[in-house]
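K.L.:
Would you mind keeping the following structure in view while I ask a few things?
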Amino acid sequence: MRARSIPSVELDSYQRAARLVLTHHLVTATFPDRSALATVRRWATELREDLLATFGYRLEVTETTARLFTVADRLDAGAGTSTHTGRPFDRRRYAYLALAIAALGRGAGQITLSELAEHVASEASRVDGVELDTERAADRDAFVDAVTWLGVRGAITLADGDAGRWASDPDSGEALYDVDRAVVHALFRPPRALQHLESVRGLLGNAGAPQSDTAEVRRRVRRALVQRPVVYADDLDDDEALQLALPRTTDEVELLTGLVCERRAEGVALVDTSGRLSDVRFPNTGTVAQVALLLAGEMCDRVLDPDAPAPPRIPVPAQTQDTLVAAVDSAIPRSTVFTPLAASDTPIPDEQEQDDDARAPLEHPLLEDSWLAGTVGRLVDIYGRTFAAQWQADPAGLTEAAVDMLDRLRLVARVPGGVLVLPAIARFRGVTVSVRERDPEIDLFPETTPPTVPALDTTPTEIS
């Protein structure tokens with residue numbers, strides 16, 4: 001591993017470069033900031049070798065881009081991109097983004113927003129279920145979200161005009177963009193031609209490859225450490241669980257990223273206290289994050305309450321991944337699949353693979369939806385005056401958002417009728433709360449005394 005030979009005084013710079021490419025996958029002259037590309041380029045040779053050996057990732061670095069081609073071993077329902085306001089992309093926005101990248105890759109060095117919309121609308125009409133009608137405000141807004149996403153990453157740069165005005169009225173507004181073809185080409189390069197896929201499994205790292213190679217198993221576990229908030233041994237097969245237990249597996253991830261792997265009997269989490277490698281920071285500010293933290297503490301208290309009946313315990317449903325794969329496959333436009341060229345997407349089974357797993361799945365406490373709703377309702381009654389106005393009047397929506405955050409962080413698992421409380425949530429047992437009163441703004445000539453504005457502070461107490 002090249003990181004072992006880097007002097008200690010420079011190791012922090014190297015680890016910062018590794019975190020940059022692991023977090024963003026695409027680094028350009030302006031994204032995520034103007035210094036990032038220079039940092040990555042300095043360590044390009046070392047990063048290229050270490051990322052390939054550690055994770056099986058391929059790094060390509062040019063004068064204007066650094067692109068990390070990652071490997072996904074399973075689908076993640078919580079993964080995806082979002083708008084600049086934090087709204088997750090829906091199917092329509094993803095479709096517009098893909099079609100815009102295709103149009104920009106074939107176009108000239110400059111393009112207007114209306115011309116790009118015409119190209120996307122023309123291609124969208126050839127895809128079942130996709131349409132861009134510039135007469136509809138919702139379509140224009142979705143299209144501008146996709147264009148803005150490209151602009152943030154440097155694929156296009158606004159030269160003149162205003163996309164917002166075009167979205168409001170395409171007859172009076174316009175925008176002109178310079179196109180960076182190198183960034184456009186680096187954005188979307190799937191490992192296989194999508195028209196040759198019969199299932200999304202063909203894009204996963206284990207498609208068409210033996211599963212028992214020790215080096216590949218170790219890389220698969222390391223990928224899980226940087227891709228998942230928590231890696232539970234119960235989610236792994238026997239070979240993967242063995243590799244997770246070996247210090248060598250996590251030591252090299254810690255050396256590469258500069259983060260610390262926290263081990264518990266149930267699994268391992270790569271702890272990022274500074275948010276340098278996290279897409280979701282937790283604990284965090286904001287009503288949803290605060291309520292999620294409070295709810296986590298309430299869940300711990302409920303599970304450990306000796307005076308209450310013990311909640312029922314069931315294992316995490318094993319078919320969750322298959323259900324997600326089937327849902328994605330159901331959206332594949334079969335008319336575009338070149339069946340004669342489509343290869344099998346089924347992984348090659350191991351010769352010694354056993355039909356039944358010798359390990360019995362762990363069972364976790366089940367908390368029902370009624371308990372979740374009642375608990376969040378109680379939190380709203382106690383601390384509601386500190387919450388954002390939109391959530392004070394929508395406790396059901398607040399419950400859904402808070403549980404969704406805990407689910408994405410692998411602190412709970414959604415099941416029909418409730419959630420399963422997973423072991424990592426114990427890190428947030430004993431949450432303490434203080435409501436502080438903010439001082440009113442100073443008024444030299446006060447007519448009335450303005451009310452103080454309360455703010456909620458939540459502090460998790462971690463267990464060692």
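Identifiers for the structure tokens are assigned positionally: chains receive A, B, ... in sequence, residues are indexed from 1 per chain, and ligands are indexed from 1 in the order shown.
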So that I can see what lies close to A:Leu409, please list as a list in words the residues with an atom at most 9 Å from it, counting only C-alpha atoms and leaving out residues fewer than 5 positions away in the same chain.
P.N.:
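The residues that qualify are Arg228, Pro229, Val230, Val280, Phe282 and Asp404 of chain A.
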K.L.:
Just to be explicit: take each residue in the selection above, keep N, CA and C atoms, and write the result as a compact mmCIF listing (two decimals), in the first residue's frame.
P.N.:
```txt
# COMPACT_ATOMS: atom_id res chain seq x y z
N ARG A 228 -21.58 2.16 3.43
CA ARG A 228 -22.69 2.01 4.34
C ARG A 228 -22.38 2.70 5.66
N PRO A 229 -23.39 3.25 6.32
CA PRO A 229 -23.15 3.88 7.63
C PRO A 229 -22.65 2.87 8.67
N VAL A 230 -23.18 1.66 8.63
CA VAL A 230 -22.80 0.60 9.56
C VAL A 230 -22.75 -0.71 8.76
N VAL A 280 -24.67 12.32 4.94
CA VAL A 280 -25.68 12.68 5.93
C VAL A 280 -25.00 12.80 7.28
N PHE A 282 -24.91 13.17 11.24
CA PHE A 282 -25.80 12.84 12.35
C PHE A 282 -24.96 12.58 13.59
N ASP A 404 -37.21 7.92 8.41
CA ASP A 404 -36.46 7.75 7.16
C ASP A 404 -34.98 8.05 7.37
```
K.L.:
Name all residues at most 8 Å from A:Leu75 (count only C-alpha atoms; drop same-chain ones fewer than 2 positions away) and give them as a list of chain:residue names.
P.N.:
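Here the answer would be A:Ala72, A:Asp73, A:Ala77, A:Leu204, A:Gln321, A:Leu324, A:Val325.
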K.L.:
Quick one, how far is atom CA of A:Leu97 from atom CA of A:Thr320?
P.N.:
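We find that atom CA of A:Leu97 and atom CA of A:Thr320 lie 28.0 Å from each other.
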K.L.:
Smallest atom-to-atom distance to A:Ile6: which of A:Ala373, A:Ile425, A:Val271, A:Leu255, using only C-alpha atoms?
P.N.:
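That would be A:Leu255, the residue with the smallest distance to A:Ile6.
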K.L.:
What lies within 9 Å of A:Val61 using only C-alpha atoms, ignoring chain neighbours under 2 positions off, as a list in words?
P.N.:
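After dropping sequence-adjacent residues, the list is Val40, Arg41, Ala44, Arg48, Leu59, Glu63, Thr64, Thr65, Ala66, Arg67 and Leu68 of chain A.
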K.L.:
Please produce a file of the residues just selected, as a PDB file, in the first residue's frame, where the atoms kept are N, CA, C and O atoms.
P.N.:
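See result-v4.pdb below for the written result:
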```pdb
ATOM      1  N   VAL A  40      -6.010  16.476  -5.358  1.00  0.00           N
ATOM      2  CA  VAL A  40      -6.091  15.110  -5.880  1.00  0.00           C
ATOM      3  C   VAL A  40      -4.974  14.839  -6.880  1.00  0.00           C
ATOM      4  O   VAL A  40      -4.339  13.777  -6.859  1.00  0.00           O
ATOM      5  N   ARG A  41      -4.702  15.804  -7.760  1.00  0.00           N
ATOM      6  CA  ARG A  41      -3.669  15.614  -8.775  1.00  0.00           C
ATOM      7  C   ARG A  41      -2.288  15.411  -8.152  1.00  0.00           C
ATOM      8  O   ARG A  41      -1.457  14.672  -8.678  1.00  0.00           O
ATOM      9  N   ALA A  44      -2.093  11.703  -7.341  1.00  0.00           N
ATOM     10  CA  ALA A  44      -2.785  10.863  -8.319  1.00  0.00           C
ATOM     11  C   ALA A  44      -2.187   9.466  -8.411  1.00  0.00           C
ATOM     12  O   ALA A  44      -2.916   8.458  -8.433  1.00  0.00           O
ATOM     13  N   ARG A  48      -4.269   6.211  -7.206  1.00  0.00           N
ATOM     14  CA  ARG A  48      -4.680   5.256  -8.223  1.00  0.00           C
ATOM     15  C   ARG A  48      -4.364   3.818  -7.783  1.00  0.00           C
ATOM     16  O   ARG A  48      -5.202   2.923  -7.910  1.00  0.00           O
ATOM     17  N   LEU A  59      -9.365   4.965 -10.702  1.00  0.00           N
ATOM     18  CA  LEU A  59      -9.275   6.418 -10.682  1.00  0.00           C
ATOM     19  C   LEU A  59      -8.609   6.903 -11.956  1.00  0.00           C
ATOM     20  O   LEU A  59      -7.518   6.451 -12.315  1.00  0.00           O
ATOM     21  N   GLU A  63      -5.946  16.691 -16.682  1.00  0.00           N
ATOM     22  CA  GLU A  63      -5.642  18.063 -16.292  1.00  0.00           C
ATOM     23  C   GLU A  63      -6.864  18.792 -15.744  1.00  0.00           C
ATOM     24  O   GLU A  63      -6.725  19.727 -14.952  1.00  0.00           O
ATOM     25  N   THR A  64      -8.056  18.374 -16.154  1.00  0.00           N
ATOM     26  CA  THR A  64      -9.264  19.104 -15.765  1.00  0.00           C
ATOM     27  C   THR A  64     -10.240  18.304 -14.914  1.00  0.00           C
ATOM     28  O   THR A  64     -11.185  18.877 -14.371  1.00  0.00           O
ATOM     29  N   THR A  65     -10.027  17.001 -14.777  1.00  0.00           N
ATOM     30  CA  THR A  65     -10.973  16.177 -14.014  1.00  0.00           C
ATOM     31  C   THR A  65     -10.250  15.069 -13.256  1.00  0.00           C
ATOM     32  O   THR A  65      -9.156  14.648 -13.625  1.00  0.00           O
ATOM     33  N   ALA A  66     -10.884  14.617 -12.207  1.00  0.00           N
ATOM     34  CA  ALA A  66     -10.501  13.384 -11.516  1.00  0.00           C
ATOM     35  C   ALA A  66     -11.782  12.592 -11.332  1.00  0.00           C
ATOM     36  O   ALA A  66     -12.725  13.073 -10.699  1.00  0.00           O
ATOM     37  N   ARG A  67     -11.832  11.403 -11.902  1.00  0.00           N
ATOM     38  CA  ARG A  67     -13.065  10.611 -11.899  1.00  0.00           C
ATOM     39  C   ARG A  67     -12.804   9.268 -11.270  1.00  0.00           C
ATOM     40  O   ARG A  67     -11.911   8.526 -11.691  1.00  0.00           O
ATOM     41  N   LEU A  68     -13.548   8.943 -10.206  1.00  0.00           N
ATOM     42  CA  LEU A  68     -13.441   7.661  -9.529  1.00  0.00           C
ATOM     43  C   LEU A  68     -14.576   6.764  -9.985  1.00  0.00           C
ATOM     44  O   LEU A  68     -15.754   7.098  -9.817  1.00  0.00           O
TER      45      LEU A  68
END
```
K.L.:
Based on the backbone DSSP call, show me all residues of stretch 126-301 of chain A assigned helix (DSSP H, G or I), as a PyMOL selection string.
P.N.:
chain A and resi 137-152+163-168+181-187+194-196+200-203+214-227+233-235+238-245+247-257+287-301
K.L.:
Which residue is closest to A:Ile332? Choose from A:Glu368, A:Asp394, A:Asp50, A:Asp128 and count only C-alpha atoms.
P.N.:
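Selected residue with least distance to A:Ile332: A:Asp128.
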K.L.:
May I have the residues within 10 Å of stretch 411-415 of chain A as an NGL selection string, using only C-alpha atoms and disregarding those fewer than 2 positions away in the same chain?
P.N.:
:A and (229-230 or 296 or 299 or 314-317 or 320 or 364-369 or 403-409 or 417-428)
K.L.:
Excluding stretch 262-267 of chain A and its own-chain neighbours fewer than 6 positions away, which residues fall within 9 Å of it when counting only C-alpha atoms? Please give them as a PyMOL selection string.
P.N.:
chain A and resi 230-234+241+244-245+423-424
K.L.:
Record the distance separating atom CA of A:Ser8 and atom CA of A:Val268, expressed in Å with one decimal.
P.N.:
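Going from atom CA of A:Ser8 over to atom CA of A:Val268, I get 26.1 Å.
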K.L.:
Could you give me, as a PyMOL selection string, the residues within 12 Å of A:Ala186, counting only C-alpha atoms and dropping anything in the same chain fewer than 4 positions from it?
P.N.:
chain A and resi 25-28+59-62+64-69+101-102+105+150+153-155+180-182+190
K.L.:
Which of these residues is nearest to A:Asp145, using only C-alpha atoms: A:Ser82, A:Asn284, A:Gln110, A:Gln15?
P.N.:
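Of the candidates, the smallest distance to A:Asp145 is held by A:Ser82.
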K.L.:
Interatomic distance between atom CA of A:Ala402 and atom CA of A:Pro312?
P.N.:
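Straight-line distance from atom CA of A:Ala402 to atom CA of A:Pro312 works out to 22.1 Å.
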